[in-house]
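Participant: The structure under discussion is supplied below as structure tokens; questions concerning it will follow.
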Amino acid sequence: MKKTLGEIAAFLNGELKGDAGVLIENIRAIDDAREGDLTFIANPAYTGKLTTTTASGILVAPGTECPGKNLILVGDPYIALSRVLALYYTDEPDLPGIRKEAFLEEGAVISGDATIYSHATVCRGARIGAGVVLYPGVFVGRDAVIGDGTVLYPNVTVYHRCVIGKRVILHAGVVVGSDGFGFAAPGAMNIKIPQVGIVQIDDDVEVGANTTIDRATLGRTWIQRGVKIDNLVQVGHNVVIGENSVIVSQVGISGSTKLGKSVILGGQTGLAGHLMIGDHVMVAAQSGIHEDVPANLAVSGSPHLPHKDWLRAMSCVAKLPEMRKTLTSLAKRIEGLETTTKRSDKENR
Amino acid sequence: MKKTLGEIAAFLNGELKGDAGVLIENIRAIDDAREGDLTFIANPAYTGKLTTTTASGILVAPGTECPGKNLILVGDPYIALSRVLALYYTDEPDLPGIRKEAFLEEGAVISGDATIYSHATVCRGARIGAGVVLYPGVFVGRDAVIGDGTVLYPNVTVYHRCVIGKRVILHAGVVVGSDGFGFAAPGAMNIKIPQVGIVQIDDDVEVGANTTIDRATLGRTWIQRGVKIDNLVQVGHNVVIGENSVIVSQVGISGSTKLGKSVILGGQTGLAGHLMIGDHVMVAAQSGIHEDVPANLAVSGSPHLPHKDWLRAMSCVAKLPEMRKTLTSLAKRIEGLETTTKRSDKENR
Amino acid sequence: MKKTLGEIAAFLNGELKGDAGVLIENIRAIDDAREGDLTFIANPAYTGKLTTTTASGILVAPGTECPGKNLILVGDPYIALSRVLALYYTDEPDLPGIRKEAFLEEGAVISGDATIYSHATVCRGARIGAGVVLYPGVFVGRDAVIGDGTVLYPNVTVYHRCVIGKRVILHAGVVVGSDGFGFAAPGAMNIKIPQVGIVQIDDDVEVGANTTIDRATLGRTWIQRGVKIDNLVQVGHNVVIGENSVIVSQVGISGSTKLGKSVILGGQTGLAGHLMIGDHVMVAAQSGIHEDVPANLAVSGSPHLPHKDWLRAMSCVAKLPEMRKTLTSLAKRIEGLETTTKRSDKENR
């Protein structure tokens, strides 16, 4: 793929400052870009690199100036990058059609234009929508539903009766619908509570590699439209994740906790069970959430605090040894004062 | 399945308060239950919902009162739920027998009534017990043993020579017997220590999706009878987990650490290596255990403290900025007192 | 395998103190070793067990004395163990050659002496080197490269175009090259940034079960020569891990962070994105790294501190309630002093 900078600027509805005729052959990060490459500055921390790059074109935010460089000014350089990447790098589907080594149980319903690779399995009663791609090692259990345009990468497991929407991406090794962790008399008898609910994943969700989403005890575990989940995340039974929420890697969400819309959970955060997390809540990485969080709050720490309170508290933690020394020295000085005062008090009387 | 409330009460040996003739068609959680449904209150936090539910029957703890509602009083409503769920939702096995697409190496010993799906592999010398189910993508290595009634969900890997007991459930993506993480001169030469031991999993164990259990360097990594492990847990080489212990999601247990019976580890907890954790120890979520814990203790935090001490310490963390301010103001007041006292001391002399 | 202690000492270039003719049949850990076994003391904490073991031979550090026991003195007993284990336990390859149930797309290039099991998939354009072993359920995507002598255990997924070096070991369930977690307008529009880079893994790397390594947005995610990664680790897009670094289980490394050589990251540690971690840095388990760390430093805690500062701060955390009480009592004593001083000051005037 080769396009001129002028063509790319037009495609992005961006404002070009520089040579419209330059040919762009590749897109590269700011540190790697050379002549013939388009690059971008999405993070202001990297603005200093504008002057030193030898890239032939740079996507930048409105108002950016850099004489001698070819700039395309766009509202959001990161969004513009996503569009131009999709333009330059169109991945061909590997192999269309159903491979003979795939295993389709009698009673599975497969759309005519689905792509099913060797060593994939679709059980009876399952329905596979139009344009779906099932890579090798994918398992779709009995009566499960896979919506149109959804891609299941290698070795994804979808247990029986789970329902997955349209244009969903499940990366390699994702498990949807394994049993929730429910045992009566835990530590003593460990009596298994049958997990008879399902997982429902709505349209336009993406789930990262080896993430696990447990089926509900009763009812459903529910991942709503537009949610993005990173790798190695644990989603417990009966959890609800609201629209467009973003869950970073290695987060764990305990059973029956409900997240509102547009919640952002930083990596390695843990949430206790049966909590309500309001819309637009932001949780910093490695936090531990032990109680409900109202909408629009930013929280941090384990146990969590409002983010600003946590910052203040943490700045004191490093000072703790000094504080302890100060306490001891103040106590001594007070003792000294008490002795002096008692003496002079006596002398005065 | 339809049964009357009277029949269900009899099945559970429960005490019925209300209409024995009502038909129950489904079992649903308290927020979803309608007419024709049975529901339950296992967590006292939800007792308030008793009066508002329109469920046709409710499993409750002894002593519960709610005039106008059909109650079944049972010793433990959660255990009763598990029994009635098993009664209502009997999952049929997907496909009995051995599929021709399964791959059985010559020298594998398969019980006549095992179910082996397409794309499963059993290597030579492995023994598969009666009633075992191996789903697609399961790999059972050379000389491994799978006990009677055990179920391996899709894409489970059991490495060579590992021994798995009876009625064990391994959820999708579980790895049993990968090499322990042992390197001499770590960070410098990283010389691999061959991991020639095994993993032994005893009867009635359940392991959650994508959990990994490493084989021992020498001897065995040992998961004892009745242990329940959640998703994405890491169990290091030569670890021992005592009977009926419960390990919540994303816990990591370092090499050679030994847990007693009925230990409960909260989610995302980490344990250092070579530790002894006594029977009935309870560890709160996100703890970091760096030394031995005696039996029957509850601990929290990273580094861990006795639970009560940790609660007290954490209540102070949020107060740290205030404490620091107080320290500064006290220091000033002491300075003031010292000045006054010195002056009056001088004047007195 | 049976060898005399003398033969083993010669093989290890060790110094034998004791009976050279004793036959060694097995190698066992110090607690399990009996007559006929060789054992070892690598951790000084176990030196006390020297006198009580009934093992027929013991690998020990130089200078160790234990009259009546057969000792082999070696520079590093753990390295010696690794050599003697490799001598005694030579694992035979399961099945040489390419199984007919493997699926090789037309255009895949497979070395003559590779071993490819049933239910493995190699896509077109992929190149598989000499002596490579692909276990069942392995997926090698389009145009990916697997170097000579590399082993991919069951259900490993390597996405298209990723490049894996020689003598690499990827344990079961590892995912290499899944999409990095990049979305513009996160929490609002969640616009996917196409991830068009690759993962490059250099020679002699080992990666633990179910670990995930994301492909770069642009360019490469790069695991350098000799790196050892444990189970369930998350490596984000565009991360670089320097030579011989050791990454313990459940660590998470956010996008674009770069580690120097010989870095050691303790279990469950998290690193923010876009950081530089210097050579030979050591990070304690469960740390949270939020800013660059210079070479050769040891750090701990979340947010991290230099290790010694962290130890001091943590020793104070448990004392916080006591410190708070002291603060209150000092305030009262100061109040008392102020009252007395004001009174005597007044009386004096």
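Chains: A, B, ... in order of the structure tokens. Residues: from 1 per chain. Ligands: from 1, in order shown.
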Using only C-alpha atoms, I'd like every residue of chain C that has an atom within 6 Å of chain B; please write them out as a list of chain:residue names.

Facilitator: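 Filtering chain C at 6 Å from chain B with only C-alpha atoms gives C:Arg28, C:Tyr78, C:Ile79, C:Ser82, C:Asn244, C:Ser245, C:Val246, C:Ser262, C:Ala318, C:Leu320, C:Pro321.
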
Participant: Just want the 9 Å neighbourhood of Ile164 of chain B, counted on only C-alpha atoms, with same-chain residues fewer than 3 positions away dropped. Output as a list in words.

Facilitator: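 Result of the neighbour search: Ala144, Val145, Ile146, Gly147, Thr150, Val168, Val199, Gln200, Ile201, Asp202 and Asp203 of chain B.
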
Participant: Any idea what's packed within 6 Å of segment 298-301 of chain B, counting only C-alpha atoms, ignoring anything in its chain fewer than 5 positions away? Could you give it as a VMD selection string?

Facilitator: chain B and resid 281 to 284 287 306 to 307

Participant: Any idea what's packed within 9 Å of Arg167 of chain C, counting only C-alpha atoms, ignoring anything in its chain fewer than 6 positions away? Could you give it as a PyMOL selection string?

Facilitator: chain C and resi 132+147-151+203-206

Participant: Enumerate the residues of segment 70-301 of chain B with a DSSP assignment of strand (DSSP E), computed from the backbone, and present them as an MDAnalysis selection string.

Facilitator: chainID B and resid 71:73 103:104 109:110 115:116 121:122 127:128 133:134 139:140 145:146 151:152 157:158 163:164 169:170 175:178 183:184 191:192 198:201 206:207 212:214 220:223 228:229 234:235 240:241 246:247 252:253 258:259 264:265 270:271 276:277 282:283 288:289 298:300

Participant: Taking the DSSP secondary structure from the backbone, can you list the residues of segment 51-274 of chain A that are alpha helix (DSSP H), as a ChimeraX atom specification?

Facilitator: /A:77-88

Participant: Once you have the residues from the selection above, write them out as a PDB file, in the first residue's frame, restricted to C-alpha atoms.

Facilitator:
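Result written to result.pdb:
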```pdb
ATOM      1  CA  PRO A  77      -4.264  11.477  16.618  1.00  0.00           C
ATOM      2  CA  TYR A  78      -4.855   8.072  18.246  1.00  0.00           C
ATOM      3  CA  ILE A  79      -8.246   7.663  16.540  1.00  0.00           C
ATOM      4  CA  ALA A  80      -6.685   8.844  13.263  1.00  0.00           C
ATOM      5  CA  LEU A  81      -3.942   6.229  13.720  1.00  0.00           C
ATOM      6  CA  SER A  82      -6.556   3.520  14.157  1.00  0.00           C
ATOM      7  CA  ARG A  83      -8.196   4.529  10.864  1.00  0.00           C
ATOM      8  CA  VAL A  84      -5.005   4.730   8.840  1.00  0.00           C
ATOM      9  CA  LEU A  85      -3.751   1.400  10.278  1.00  0.00           C
ATOM     10  CA  ALA A  86      -6.993  -0.266   9.188  1.00  0.00           C
ATOM     11  CA  LEU A  87      -6.438   1.280   5.740  1.00  0.00           C
ATOM     12  CA  TYR A  88      -2.838   0.065   5.363  1.00  0.00           C
TER      13      TYR A  88
END
```

Participant: How far is it from atom CA of Ile169 of chain B to atom CA of Lys228 of chain B, in Å with one decimal?

Facilitator: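 Spanning atom CA of Ile169 of chain B to atom CA of Lys228 of chain B is a straight-line distance of 9.6 Å.
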
Participant: Can you measure atom CA of Ala9 of chain C to atom CA of Ile72 of chain C for me? One decimal in Å is fine.

Facilitator: 6.2 Å

Participant: I'd like the neighbourhood of Leu259 of chain B as a ChimeraX atom specification, where a residue qualifies if any of its atoms comes within 6 Å (using only C-alpha atoms), though same-chain residues fewer than 3 positions away should be ignored.

Facilitator: /B:240-242,277
